[in-house]
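Heads up, my_file_38.csv below (CSV, C-alpha atoms):
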chain,number,residue,atom,x,y,z
A,1,MET,CA,-9.9,16.2,10.1
A,2,SER,CA,-8.3,12.8,9.7
A,3,GLU,CA,-7.7,10.5,12.7
A,4,VAL,CA,-5.2,8.5,10.5
A,5,LYS,CA,-1.6,9.5,11.3
A,6,ALA,CA,0.3,10.9,8.4
A,7,TRP,CA,2.3,8.2,6.6
A,8,PHE,CA,5.6,10.1,6.6
A,9,GLU,CA,5.3,10.6,10.3
A,10,ARG,CA,5.2,6.9,11.0
A,11,GLN,CA,8.1,5.1,12.6
A,12,PHE,CA,8.7,1.4,12.1
A,13,ASP,CA,10.1,-1.3,14.4
A,14,PHE,CA,11.5,-4.2,12.4
A,15,SER,CA,12.6,-6.3,15.3
A,16,PHE,CA,10.0,-9.0,14.8
A,17,PRO,CA,11.0,-12.6,13.7
A,18,ALA,CA,11.3,-13.4,10.0
A,19,GLU,CA,9.1,-16.4,10.6
A,20,LEU,CA,6.1,-14.0,10.5
A,21,PHE,CA,6.4,-13.8,6.7
A,22,PRO,CA,3.4,-16.2,6.1
A,23,ASN,CA,1.2,-14.0,8.1
A,24,LEU,CA,2.4,-10.9,6.2
A,25,LEU,CA,1.8,-12.7,2.9
A,26,MET,CA,-1.8,-13.4,4.0
A,27,ARG,CA,-2.3,-9.7,4.9
A,28,LEU,CA,-1.0,-8.7,1.4
A,29,ARG,CA,-3.1,-11.3,-0.3
A,30,GLY,CA,-6.2,-10.1,1.5
A,31,THR,CA,-5.9,-6.4,0.7
A,32,PRO,CA,-7.8,-6.5,-2.6
A,33,ALA,CA,-10.7,-8.3,-1.0
A,34,ARG,CA,-10.9,-5.8,1.9
A,35,LEU,CA,-10.6,-2.9,-0.5
A,36,GLU,CA,-13.4,-4.3,-2.8
A,37,GLU,CA,-15.7,-5.0,0.2
A,38,MET,CA,-15.2,-1.5,1.6
A,39,MET,CA,-15.8,0.3,-1.7
A,40,ARG,CA,-18.5,-1.8,-3.5
A,41,GLY,CA,-22.0,-0.5,-3.0
A,42,CYS,CA,-20.8,3.0,-2.2
A,43,SER,CA,-22.2,5.7,-4.5
A,44,ARG,CA,-19.8,7.2,-7.0
A,45,GLU,CA,-20.5,10.6,-5.4
A,46,ILE,CA,-19.0,9.4,-2.1
A,47,LEU,CA,-16.1,7.6,-3.7
A,48,VAL,CA,-14.9,10.6,-5.7
A,49,ARG,CA,-15.6,13.3,-3.1
A,50,LYS,CA,-12.5,15.3,-2.2
A,51,GLU,CA,-12.2,17.0,1.2
A,52,ASP,CA,-9.8,20.0,1.6
A,53,GLY,CA,-7.9,19.2,-1.6
A,54,LYS,CA,-7.0,15.7,-0.3
A,55,TRP,CA,-7.4,12.5,-2.2
A,56,SER,CA,-10.8,10.9,-2.5
A,57,ALA,CA,-11.5,7.3,-1.5
A,58,GLN,CA,-11.2,6.3,-5.1
A,59,GLU,CA,-7.8,8.1,-5.4
A,60,HIS,CA,-6.6,6.3,-2.4
A,61,ALA,CA,-7.5,3.0,-4.1
A,62,GLY,CA,-5.8,4.2,-7.2
A,63,HIS,CA,-2.7,5.1,-5.2
A,64,LEU,CA,-2.5,1.5,-3.9
A,65,LEU,CA,-2.4,0.3,-7.5
A,66,ASP,CA,0.1,3.0,-8.4
A,67,LEU,CA,2.6,1.7,-5.9
A,68,GLU,CA,2.5,-2.0,-6.9
A,69,PRO,CA,5.4,-1.5,-9.4
A,70,LEU,CA,7.6,0.0,-6.5
A,71,TRP,CA,6.8,-2.9,-4.2
A,72,LEU,CA,7.7,-5.4,-6.9
A,73,ALA,CA,10.9,-3.5,-7.8
A,74,ARG,CA,12.0,-3.7,-4.2
A,75,VAL,CA,11.3,-7.5,-4.1
A,76,GLU,CA,13.5,-7.6,-7.2
A,77,ASP,CA,16.1,-5.6,-5.3
A,78,PHE,CA,16.2,-8.2,-2.6
A,79,GLU,CA,16.6,-10.9,-5.2
A,80,ALA,CA,19.4,-9.2,-7.0
A,81,GLY,CA,21.2,-8.0,-3.9
A,82,GLY,CA,22.9,-4.7,-3.4
A,83,THR,CA,22.9,-2.1,-0.7
A,84,GLU,CA,19.8,0.2,-1.1
A,85,LEU,CA,16.2,-0.4,-2.2
A,86,THR,CA,14.6,1.4,-5.1
A,87,VAL,CA,13.7,5.0,-4.3
A,88,ALA,CA,10.0,6.0,-4.2
A,89,ASP,CA,8.6,9.1,-5.7
A,90,LEU,CA,7.8,10.9,-2.4
A,91,LYS,CA,5.6,13.5,-4.3
A,92,ASN,CA,3.3,10.7,-5.6
A,93,ARG,CA,3.2,12.3,-9.0
A,94,LYS,CA,1.8,9.1,-10.6
A,95,THR,CA,-1.3,9.3,-8.3
A,96,HIS,CA,-1.8,13.0,-8.7
A,97,GLU,CA,-1.6,12.8,-12.5
A,98,ALA,CA,-3.6,9.6,-13.0
A,99,ASN,CA,-7.1,11.1,-12.6
A,100,HIS,CA,-8.4,8.1,-10.8
A,101,ASN,CA,-11.7,9.8,-10.2
A,102,ALA,CA,-12.4,9.7,-13.9
A,103,ARG,CA,-11.8,5.9,-14.1
A,104,PRO,CA,-14.3,3.2,-13.5
A,105,LEU,CA,-13.9,1.8,-9.9
A,106,ASP,CA,-14.2,-1.8,-11.1
A,107,GLN,CA,-11.2,-1.2,-13.4
A,108,ILE,CA,-9.0,0.2,-10.6
A,109,LEU,CA,-10.0,-2.7,-8.3
A,110,ALA,CA,-9.4,-5.4,-11.0
A,111,GLU,CA,-6.0,-3.9,-11.9
A,112,PHE,CA,-5.0,-3.7,-8.2
A,113,ARG,CA,-6.1,-7.4,-7.6
A,114,LYS,CA,-4.0,-8.5,-10.6
A,115,ALA,CA,-1.0,-6.5,-9.7
A,116,ARG,CA,-1.1,-7.7,-6.0
A,117,LEU,CA,-1.3,-11.3,-7.2
A,118,VAL,CA,1.8,-10.8,-9.2
A,119,LEU,CA,3.6,-9.4,-6.1
A,120,VAL,CA,2.5,-12.1,-3.7
A,121,SER,CA,3.2,-14.9,-6.3
A,122,ARG,CA,6.7,-13.6,-6.8
A,123,VAL,CA,7.4,-13.5,-3.0
A,124,GLU,CA,5.9,-17.0,-2.5
A,125,LYS,CA,8.4,-18.5,-4.9
A,126,LEU,CA,11.4,-17.1,-3.1
A,127,ASP,CA,13.7,-19.2,-1.0
A,128,THR,CA,12.9,-18.4,2.7
A,129,GLY,CA,16.5,-17.4,3.2
A,130,ARG,CA,15.8,-14.2,1.2
A,131,PHE,CA,13.4,-13.0,3.9
A,132,THR,CA,16.3,-12.1,6.2
A,133,ARG,CA,18.5,-10.4,3.6
A,134,SER,CA,18.9,-6.7,4.5
A,135,MET,CA,19.1,-3.6,2.4
A,136,LEU,CA,18.9,0.1,3.3
A,137,HIS,CA,15.4,1.8,3.0
A,138,PRO,CA,16.2,5.1,1.2
A,139,ARG,CA,13.7,7.3,3.1
A,140,LEU,CA,13.8,5.6,6.5
A,141,LYS,CA,17.6,5.3,6.4
A,142,LYS,CA,17.5,2.0,8.2
A,143,PRO,CA,18.1,-1.6,7.2
A,144,MET,CA,15.1,-3.5,6.1
A,145,ARG,CA,14.8,-7.2,5.5
A,146,LEU,CA,12.5,-8.6,2.9
A,147,VAL,CA,10.1,-9.6,5.6
A,148,ASP,CA,10.2,-6.0,6.9
A,149,HIS,CA,9.4,-4.8,3.4
A,150,LEU,CA,6.3,-7.0,3.4
A,151,TYR,CA,5.3,-5.5,6.7
A,152,PHE,CA,5.9,-2.0,5.4
A,153,VAL,CA,3.6,-2.7,2.4
A,154,ALA,CA,0.9,-4.3,4.6
A,155,GLU,CA,1.0,-1.2,6.8
A,156,HIS,CA,0.9,1.1,3.8
A,157,ASP,CA,-2.2,-0.8,2.6
A,158,ASP,CA,-3.9,-0.5,5.9
A,159,HIS,CA,-3.0,3.2,6.1
A,160,HIS,CA,-4.9,3.9,2.9
A,161,LEU,CA,-7.7,1.5,3.8
A,162,ALA,CA,-8.2,3.5,7.0
A,163,HIS,CA,-8.3,6.7,5.0
A,164,ILE,CA,-10.9,5.2,2.6
A,165,TRP,CA,-13.0,3.9,5.5
A,166,GLU,CA,-12.8,7.3,7.2
A,167,LEU,CA,-13.9,9.1,4.0
A,168,ILE,CA,-16.8,6.7,3.4
A,169,ARG,CA,-17.9,6.7,7.0
A,170,ARG,CA,-17.9,10.5,7.1
A,171,CYS,CA,-20.0,10.7,3.9
A,172,ASP,CA,-22.4,8.1,5.1
A,173,SER,CA,-22.9,9.9,8.5
A,174,ALA,CA,-23.4,13.3,6.7
A,175,THR,CA,-26.1,11.9,4.4
A,176,GLY,CA,-27.7,9.5,6.8
With the file now loaded, output its structure as structure tokens.
Amino acid sequence: MSEVKAWFERQFDFSFPAELFPNLLMRLRGTPARLEEMMRGCSREILVRKEDGKWSAQEHAGHLLDLEPLWLARVEDFEAGGTELTVADLKNRKTHEANHNARPLDQILAEFRKARLVLVSRVEKLDTGRFTRSMLHPRLKKPMRLVDHLYFVAEHDDHHLAHIWELIRRCDSATG
């Protein structure tokens, strides 16, 4: 049983100051390194082990990669203006169909690092005035600033890193 709260049950408070965007960019920039550190050295058996039909640690890592195009599309939404952010596939079909467990871990990690660098580089080039532009988040049904989007992505990263850590730790304690 997971101690990590289900993602769709999470509530978000976006009342923090927009001046926190440099801190959020550093969290986003650091996710690939934290992911790599956590997963490297783990046996393939541990990384691809599924419990109760849920994603394996490697599938969680693949899911982080799968969502990078959505995060970038939403940054582009903020650049272009409008009223609502790009809608996510709430069924996560891309992750379910990707067969991440059959892929080499190094490939997933390298692709995630590259995709995340694209996202962070894009955001770093934006005028800081963009960080307070607000658009409606389609699932949460609440206004979200670009800085809130960065927080949302960072929290999503940490959500999946917590799942990965939990899966690795459970396997290690079962075999140790």
Arg29 of chain A surroundings by only C-alpha atoms, 9 Å radius, close-in-sequence under 5 positions cut, as a CSV table (one decimal) with C-alpha atoms, keeping the file's coordinate frame:
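This went into out.csv:
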chain,number,residue,atom,x,y,z
A,24,LEU,CA,2.4,-10.9,6.2
A,113,ARG,CA,-6.1,-7.4,-7.6
A,116,ARG,CA,-1.1,-7.7,-6.0
A,117,LEU,CA,-1.3,-11.3,-7.2
A,120,VAL,CA,2.5,-12.1,-3.7
Report as a list in words all protein, DNA and RNA residues lying within 10 Å of Ile168 of chain A, evaluated on all atoms listed in the file, omitting residues in the same chain fewer than 4 positions from it.
Met38, Met39, Cys42, Ser43, Ile46, Leu47, Arg49, Ser56, Ala57, Ala162, His163, Ile164, Asp172, Ser173 and Ala174 of chain A
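Of the residues listed (A:Gly30, A:Pro143, A:Pro138, A:Gly129), A:Gly129 shows the shortest atom-to-atom separation from Glu79 of chain A; distances use all atoms listed in the file.
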Could you tell me how far atom CA of Gly81 of chain A sits from atom CA of Arg133 of chain A, in Å to one decimal place?
8.3 Å
Could you name the residues that touch Trp7 of chain A at 8 Å or less, counting all atoms listed in the file, but leaving out those on the same chain fewer than 2 positions away, as a list in words?
Lys5, Glu9, Arg10, His156 and His159 of chain A
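In this structure, atom CA of Val4 of chain A sits 22.4 Å away from atom CA of Leu109 of chain A.
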Do a neighbour search on Leu119 of chain A at 12 Å with all atoms listed in the file, toss out local chain neighbours closer than 6 positions, and write the hits as a compact mmCIF listing (two decimals) with C-alpha atoms, in the frame of the given file.
# COMPACT_ATOMS: atom_id res chain seq x y z
CA LEU A 25 1.80 -12.70 2.90
CA LEU A 28 -1.00 -8.70 1.40
CA ARG A 29 -3.10 -11.30 -0.30
CA LEU A 65 -2.40 0.30 -7.50
CA LEU A 67 2.60 1.70 -5.90
CA GLU A 68 2.50 -2.00 -6.90
CA PRO A 69 5.40 -1.50 -9.40
CA LEU A 70 7.60 0.00 -6.50
CA TRP A 71 6.80 -2.90 -4.20
CA LEU A 72 7.70 -5.40 -6.90
CA ALA A 73 10.90 -3.50 -7.80
CA ARG A 74 12.00 -3.70 -4.20
CA VAL A 75 11.30 -7.50 -4.10
CA GLU A 76 13.50 -7.60 -7.20
CA PHE A 112 -5.00 -3.70 -8.20
CA ARG A 113 -6.10 -7.40 -7.60
CA LYS A 125 8.40 -18.50 -4.90
CA LEU A 126 11.40 -17.10 -3.10
CA LEU A 150 6.30 -7.00 3.40
CA VAL A 153 3.60 -2.70 2.40
Would you mind reading off the distance between atom CA of Asp66 of chain A and atom CA of Pro17 of chain A, one decimal, in Å?
29.2 Å
Nearby residues (all atoms listed in the file) at most 10 Å from Leu105 of chain A, same-chain spacing under 5 positions excluded, as a VMD selection string
chain A and resid 36 39 to 40 44 47 to 48 58 to 59 61 to 62 100 110 to 111
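Here the question is which of A:Ala80, A:Ala154, A:Val123, A:Val118 gets nearest to Thr31 of chain A using only C-alpha atoms, and that residue is A:Ala154.
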Between A:Arg27, A:His63, A:Arg122, A:His149, smallest distance to Met135 of chain A by only C-alpha atoms belongs to A:His149
Within 9 Å of (-9.9, 15.0, 6.3) (coordinates as in the file), grab all the protein and nucleic acid residues, counting all atoms listed in the file, and write them out as a PyMOL selection string.
chain A and resi 1-3+50-52+54+163+166-167
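Proximity to Leu146 of chain A was assessed for A:Thr132, A:Thr95, A:Gln107, A:Thr86 counting only C-alpha atoms; the smallest distance is recorded for A:Thr132.
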Using all atoms listed in the file, the residue out of A:Phe21, A:Phe8, A:Trp165, A:Phe152 with shortest distance to Asp127 of chain A is A:Phe21
